Each structure stands twice: as structure tokens, then as C-alpha cells.
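**Q** Hey, dropping structure_8.cif in here, mmCIF, C-alpha atoms:
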data_data
loop_
_atom_site.label_atom_id
_atom_site.label_comp_id
_atom_site.auth_asym_id
_atom_site.auth_seq_id
_atom_site.Cartn_x
_atom_site.Cartn_y
_atom_site.Cartn_z
CA MET A 250 -33.15 6.76 21.99
CA PRO A 251 -33.35 9.42 19.26
CA GLN A 252 -29.97 10.72 20.46
CA LEU A 253 -28.41 7.29 19.97
CA GLU A 254 -29.80 7.04 16.44
CA PHE A 255 -28.41 10.51 15.68
CA LEU A 256 -24.97 9.47 16.96
CA ILE A 257 -25.05 6.30 14.87
CA LYS A 258 -25.98 8.29 11.76
CA CYS A 259 -23.18 10.77 12.46
CA GLY A 260 -20.75 7.88 12.86
CA VAL A 261 -21.84 6.30 9.59
CA TYR A 262 -21.55 9.60 7.74
CA GLY A 263 -18.15 10.13 9.34
CA LEU A 264 -17.01 6.70 8.12
CA MET A 265 -18.32 7.51 4.66
CA GLY A 266 -16.42 10.80 4.62
CA LEU A 267 -13.19 9.15 5.79
CA GLY A 268 -13.67 6.42 3.18
CA ILE A 269 -14.09 8.97 0.40
CA ILE A 270 -10.98 10.87 1.51
CA ALA A 271 -8.99 7.63 1.65
CA ALA A 272 -10.31 6.58 -1.78
CA VAL A 273 -9.18 9.87 -3.27
CA GLY A 274 -5.82 9.33 -1.59
CA ALA A 275 -5.58 5.81 -3.01
CA VAL A 276 -6.00 7.24 -6.49
CA LEU A 277 -3.92 10.41 -6.20
CA LEU A 278 -0.99 9.52 -3.92
CA PRO A 279 2.23 9.29 -5.93
CA ASN A 280 3.82 6.74 -3.58
CA LEU A 281 2.34 3.35 -4.48
CA PHE A 282 2.85 1.93 -0.99
CA HIS A 283 0.94 4.83 0.56
CA ALA A 284 -1.80 4.39 -2.05
CA GLY A 285 -2.07 0.72 -1.06
CA LEU A 286 -2.40 1.65 2.60
CA ALA A 287 -5.10 4.19 1.70
CA LEU A 288 -6.96 1.44 -0.16
CA ALA A 289 -6.73 -0.76 2.93
CA PHE A 290 -8.21 2.09 4.97
CA VAL A 291 -11.08 2.37 2.47
CA LEU A 292 -11.82 -1.33 2.96
CA VAL A 293 -11.77 -0.92 6.75
CA THR A 294 -14.24 1.97 6.56
CA ILE A 295 -16.54 -0.17 4.40
CA ALA A 296 -16.36 -2.87 7.07
CA GLY A 297 -17.26 -0.25 9.67
CA ILE A 298 -20.28 0.79 7.63
CA PHE A 299 -21.38 -2.84 7.37
CA MET A 300 -21.10 -3.22 11.13
CA SER A 301 -22.96 0.00 11.85
CA VAL A 302 -26.00 -1.13 9.87
CA GLY A 303 -26.18 -4.47 11.68
CA ALA A 304 -24.31 -6.69 9.21
CA GLU A 305 -21.52 -7.70 11.60
CA PHE A 306 -20.75 -10.91 9.73
CA LEU A 307 -20.22 -9.06 6.44
CA GLY A 308 -18.03 -6.52 8.23
CA MET A 309 -15.82 -9.23 9.67
CA VAL A 310 -15.64 -11.04 6.32
CA GLN A 311 -14.65 -7.73 4.72
CA ILE A 312 -11.81 -7.33 7.21
CA LEU A 313 -10.65 -10.94 7.04
CA LEU A 314 -10.78 -11.42 3.28
CA TYR A 315 -10.08 -8.04 1.79
CA VAL A 316 -8.00 -6.25 4.39
CA GLY A 317 -6.34 -9.37 5.76
CA GLY A 318 -5.85 -11.33 2.56
CA VAL A 319 -6.04 -9.29 -0.59
CA MET A 320 -4.42 -6.14 0.81
CA THR A 321 -1.59 -8.23 2.28
CA LEU A 322 -0.90 -9.59 -1.19
CA ILE A 323 -1.04 -6.12 -2.73
CA ILE A 324 1.31 -4.63 -0.12
CA TYR A 325 3.75 -7.57 -0.51
CA THR A 326 3.66 -7.15 -4.27
CA ILE A 327 4.42 -3.44 -3.97
CA MET A 328 7.23 -4.08 -1.52
CA LEU A 329 8.78 -6.91 -3.56
CA THR A 330 8.79 -4.97 -6.81
CA GLY A 331 11.96 -2.94 -6.49
CA ARG A 332 11.63 -1.10 -9.80
CA LEU A 333 8.72 1.00 -8.59
CA GLY A 334 11.08 3.34 -6.76
CA ALA A 335 13.36 3.83 -9.77
CA LYS A 336 13.75 7.27 -11.33
CA ASP A 337 12.51 6.17 -14.78
CA VAL A 338 9.11 4.98 -13.48
CA ARG A 339 6.47 7.71 -13.73
CA ALA A 340 4.48 8.30 -10.57
CA GLN A 341 1.68 10.18 -12.35
CA ASN A 342 -0.24 9.46 -15.51
CA ARG A 343 -1.56 11.83 -18.13
CA GLN A 344 -5.13 10.60 -18.03
CA GLY A 345 -6.23 12.45 -14.89
CA ILE A 346 -8.15 15.16 -16.73
CA PHE A 347 -9.96 12.63 -18.92
CA ALA A 348 -10.76 10.49 -15.88
CA ALA A 349 -12.16 13.52 -14.03
CA ILE A 350 -14.35 14.41 -17.02
CA ALA A 351 -15.59 10.81 -17.28
CA ALA A 352 -16.31 10.72 -13.52
CA GLY A 353 -18.23 14.01 -13.83
CA PHE A 354 -20.36 12.60 -16.65
CA PHE A 355 -21.00 9.46 -14.60
CA VAL A 356 -22.12 11.49 -11.57
CA CYS A 357 -24.38 13.65 -13.78
CA TRP A 358 -25.88 10.51 -15.27
CA ILE A 359 -26.35 8.45 -12.10
CA GLY A 360 -27.15 11.33 -9.70
CA PRO A 361 -30.72 11.97 -10.93
CA LEU A 362 -31.41 8.23 -10.87
CA ILE A 363 -30.34 8.04 -7.24
CA LEU A 364 -32.40 11.08 -6.30
CA LYS A 365 -35.51 9.68 -8.05
CA THR A 366 -35.28 6.40 -6.17
CA GLY A 367 -37.94 6.27 -3.51
CA ALA A 368 -38.13 4.11 -0.45
CA TRP A 369 -37.26 0.46 -0.92
CA PRO A 370 -40.25 -1.86 -0.84
CA GLN A 371 -40.56 -3.65 2.47
CA ARG A 372 -41.27 -7.35 2.63
CA GLU A 373 -44.18 -8.41 4.78
CA SER A 374 -43.19 -10.27 7.92
CA ASP A 375 -45.16 -13.42 7.06
CA SER A 376 -43.27 -13.93 3.80
CA ALA A 377 -39.79 -13.44 5.28
CA PRO A 378 -37.31 -16.21 4.47
CA PRO A 379 -35.94 -18.24 7.35
CA LEU A 380 -32.88 -16.69 8.97
CA LEU A 381 -29.60 -18.50 8.45
CA SER A 382 -27.06 -18.55 11.21
CA VAL A 383 -23.34 -18.02 10.84
CA GLU A 384 -22.91 -21.70 11.74
CA ASP A 385 -25.10 -22.70 8.75
CA LEU A 386 -23.03 -20.48 6.48
CA GLY A 387 -19.78 -21.94 7.82
CA MET A 388 -21.02 -25.50 7.37
CA SER A 389 -22.07 -24.67 3.82
CA LEU A 390 -18.63 -23.21 3.06
CA MET A 391 -16.85 -26.26 4.44
CA THR A 392 -19.11 -28.89 2.83
CA GLU A 393 -20.96 -27.80 -0.29
CA TYR A 394 -18.62 -24.97 -1.37
CA VAL A 395 -15.29 -26.35 -0.14
CA PHE A 396 -13.88 -26.82 -3.67
CA PRO A 397 -14.28 -23.16 -4.79
CA PHE A 398 -12.98 -22.08 -1.38
CA GLU A 399 -9.80 -24.16 -1.81
CA VAL A 400 -9.35 -23.09 -5.45
CA LEU A 401 -9.42 -19.47 -4.31
CA GLY A 402 -6.73 -20.19 -1.72
CA VAL A 403 -4.51 -21.87 -4.33
CA LEU A 404 -5.09 -18.97 -6.73
CA LEU A 405 -4.06 -16.38 -4.13
CA PHE A 406 -0.97 -18.46 -3.31
CA ALA A 407 -0.07 -18.60 -7.02
CA VAL A 408 -0.44 -14.81 -7.26
CA LEU A 409 1.98 -14.36 -4.37
CA ILE A 410 4.53 -16.72 -5.96
CA GLY A 411 4.13 -14.92 -9.29
CA ALA A 412 4.79 -11.58 -7.60
CA ILE A 413 7.96 -12.97 -6.03
CA VAL A 414 9.16 -14.37 -9.37
CA ILE A 415 8.51 -11.07 -11.15
CA ALA A 416 10.26 -9.14 -8.39
CA ARG A 417 13.28 -11.45 -8.55
CA GLN A 418 13.59 -11.03 -12.35
CA ASP A 419 13.83 -7.24 -12.01
CA ARG A 420 16.93 -7.34 -9.81
CA PRO A 421 20.35 -7.52 -11.45
CA SER A 422 22.38 -10.58 -10.53
#
Using C-alpha cells, write down the structure from this file.
**A**
Amino acid sequence: MPQLEFLIKCGVYGLMGLGIIAAVGAVLLPNLFHAGLALAFVLVTIAGIFMSVGAEFLGMVQILLYVGGVMTLIIYTIMLTGRLGAKDVRAQNRQGIFAAIAAGFFVCWIGPLILKTGAWPQRESDSAPPLLSVEDLGMSLMTEYVFPFEVLGVLLFAVLIGAIVIARQDRPS
């Protein structure tokens, strides 16, 4: 079994590496559509990491909500906005150097904190909370939390309609 654990660790590290490469691509790609696809790939790799550590439900929620819902809205917004491909729209900004410096300071600040962090405290088995099933979570979403769930759906629908209206105003009649 040590070989299986090694393969799982290699797979997780591989997903992390692919996610970092895709995240850099999402930030640096000049084509906004390609940057959106790179962001979708980042979200898929995060779902893969969730699944590899035993949180299959979170991985599937990540794929359904973020990749399936939010990224669909972002890609539609990019595709419906015709002005993004115009010659007068800049594909790069001038803040890259300042952002790199700020990111370097952040890494220098947070890196030692991460390295000083020891092992997480483990909870004793007798004080563990009762496990909730996916069915309990689904029932809770459809009974107790149904109003916020529906409000979120209406909000995402309004965002899509707003993107269509903005895209239609950009086109000459």
C-alpha cells in the first residue's frame, strides 16, 4: 500500500502543478476567452484535489457550481461582448510589475508563517461530531435554505440578462 499512497501524492502534486500553470495562464493570456478557459481548468484541478483527499462531495459541488454555472456565465459574457476583440481595447495592463512586487512581498510575508505551522491538532474519536450524509445536506438545502438557494439562482439569471443587455448596447444598429 505504500506504493498507492505515493502514486496518490504524485497525482495530487501533479494537479497542483497543473493548477498553478493554468492560474498563471488565466492571468497572463492576452486573449480573454483563453484566460476564461484557463480559469475553468484551474477550478477543475481544485475539484480533482478535493476528490483526491476524500472530499468527493465538495469536488462535485465545485464542478457543478463553479465550472458548470459560474464559468458558463463568464464564457457567455466574454463571447457576447463584441468590443473585447476591437483594436482600441488593450490586452495588457501596465500594473504587471507592481502586481509581481506585491505578490513577492505577500509570499515573503506568508511563507515563514506556513513553514512554522506544525501538525494540525487531531480531534479525539470520542468527541467527533456525528457524520452528516449527502441526503441530509440535500434535504437541508431544499427545506431550511431553499430561499437563499433560489435567490442565488435569480441573481445568476439577472447577471446573464445584464451581460446580454450590455453586449447588445455595444453593437451599432
**Q** I'd like to see the residues matched by the PyMOL selection byres ((chain A and resi 272-276) around 7) on this file, and ideally I'd get them as a ChimeraX atom specification.
**A** /A:268-271,277-278,284-285,287-288,291
**Q** So the first atom is atom CA of A:Val316 and the second is atom CA of A:Leu286; what is the distance between them in Å, to one decimal place?
**A** 9.8 Å
**Q** Write out as a PyMOL selection string the residues lying within 12 Å of stretch 381-395 of chain A, counting all atoms listed in the file and excluding same-chain residues fewer than 4 positions away.
**A** chain A and resi 304-307+309-310+377+399-402
**Q** Could you please determine the separation between atom CA of A:Tyr315 and atom CA of A:Phe355 in Å, to one decimal place?
**A**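 Between atom CA of A:Tyr315 and atom CA of A:Phe355 the gap works out to 26.3 Å.
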**Q** Choose the residue, out of A:Leu322, A:Leu267, A:Met300, A:Cys259, that has the smallest atom-to-atom separation from A:Leu404; count all atoms listed in the file.
**A**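 Checking each candidate against A:Leu404, we get A:Leu322 as the closest.
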**Q** What is the atom CA of A:Pro251 to atom CA of A:Phe299 distance in Å?
**A**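 That distance, rounded to one decimal, is 20.9 Å.
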**Q** Of the residues A:Lys258, A:Ile323, A:Leu329, A:Arg343, which is the one nearest to A:Ser301, using only C-alpha atoms?
**A** A:Lys258
**Q** Determine the nearest neighbour of A:Phe398 from the options A:Leu256, A:Leu314, A:Thr330, A:Val293, counting only C-alpha atoms.
**A**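 Smallest distance to A:Phe398 is found for A:Leu314.
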**Q** Edge lengths and centre in Å to one decimal, as lines of an AutoDock Vina configuration file, is what I'm after for the box along x, y and z that holds all listed atoms of stretch 316-331 of chain A once 6 Å is added on each side.
**A**
center_x = 2.0
center_y = -7.1
center_z = -0.5
size_x = 32.0
size_y = 20.4
size_z = 24.6
**Q** Which residue out of A:Met265, A:Leu313, A:Val319, A:Ile415 has the minimum interatomic distance to A:Ile295 when only C-alpha atoms are used?
**A**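 For A:Ile295, the nearest of the candidates is A:Met265.
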**Q** Using all atoms listed in the file, determine which residues lie at most 7 Å from A:Ala296, disregarding the query and same-chain residues fewer than 6 positions distant; provide the list as JSON, numbers by chain.
**A** {"A": [308, 309, 311, 312]}
**Q** Identify which of the residues A:Val261, A:Ala368, A:Met320, A:Leu409 lies closest to A:Phe290, counting only C-alpha atoms when measuring atom-to-atom distances.
**A**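 Of A:Val261, A:Ala368, A:Met320, A:Leu409, the one nearest A:Phe290, counting only C-alpha atoms, is A:Met320.
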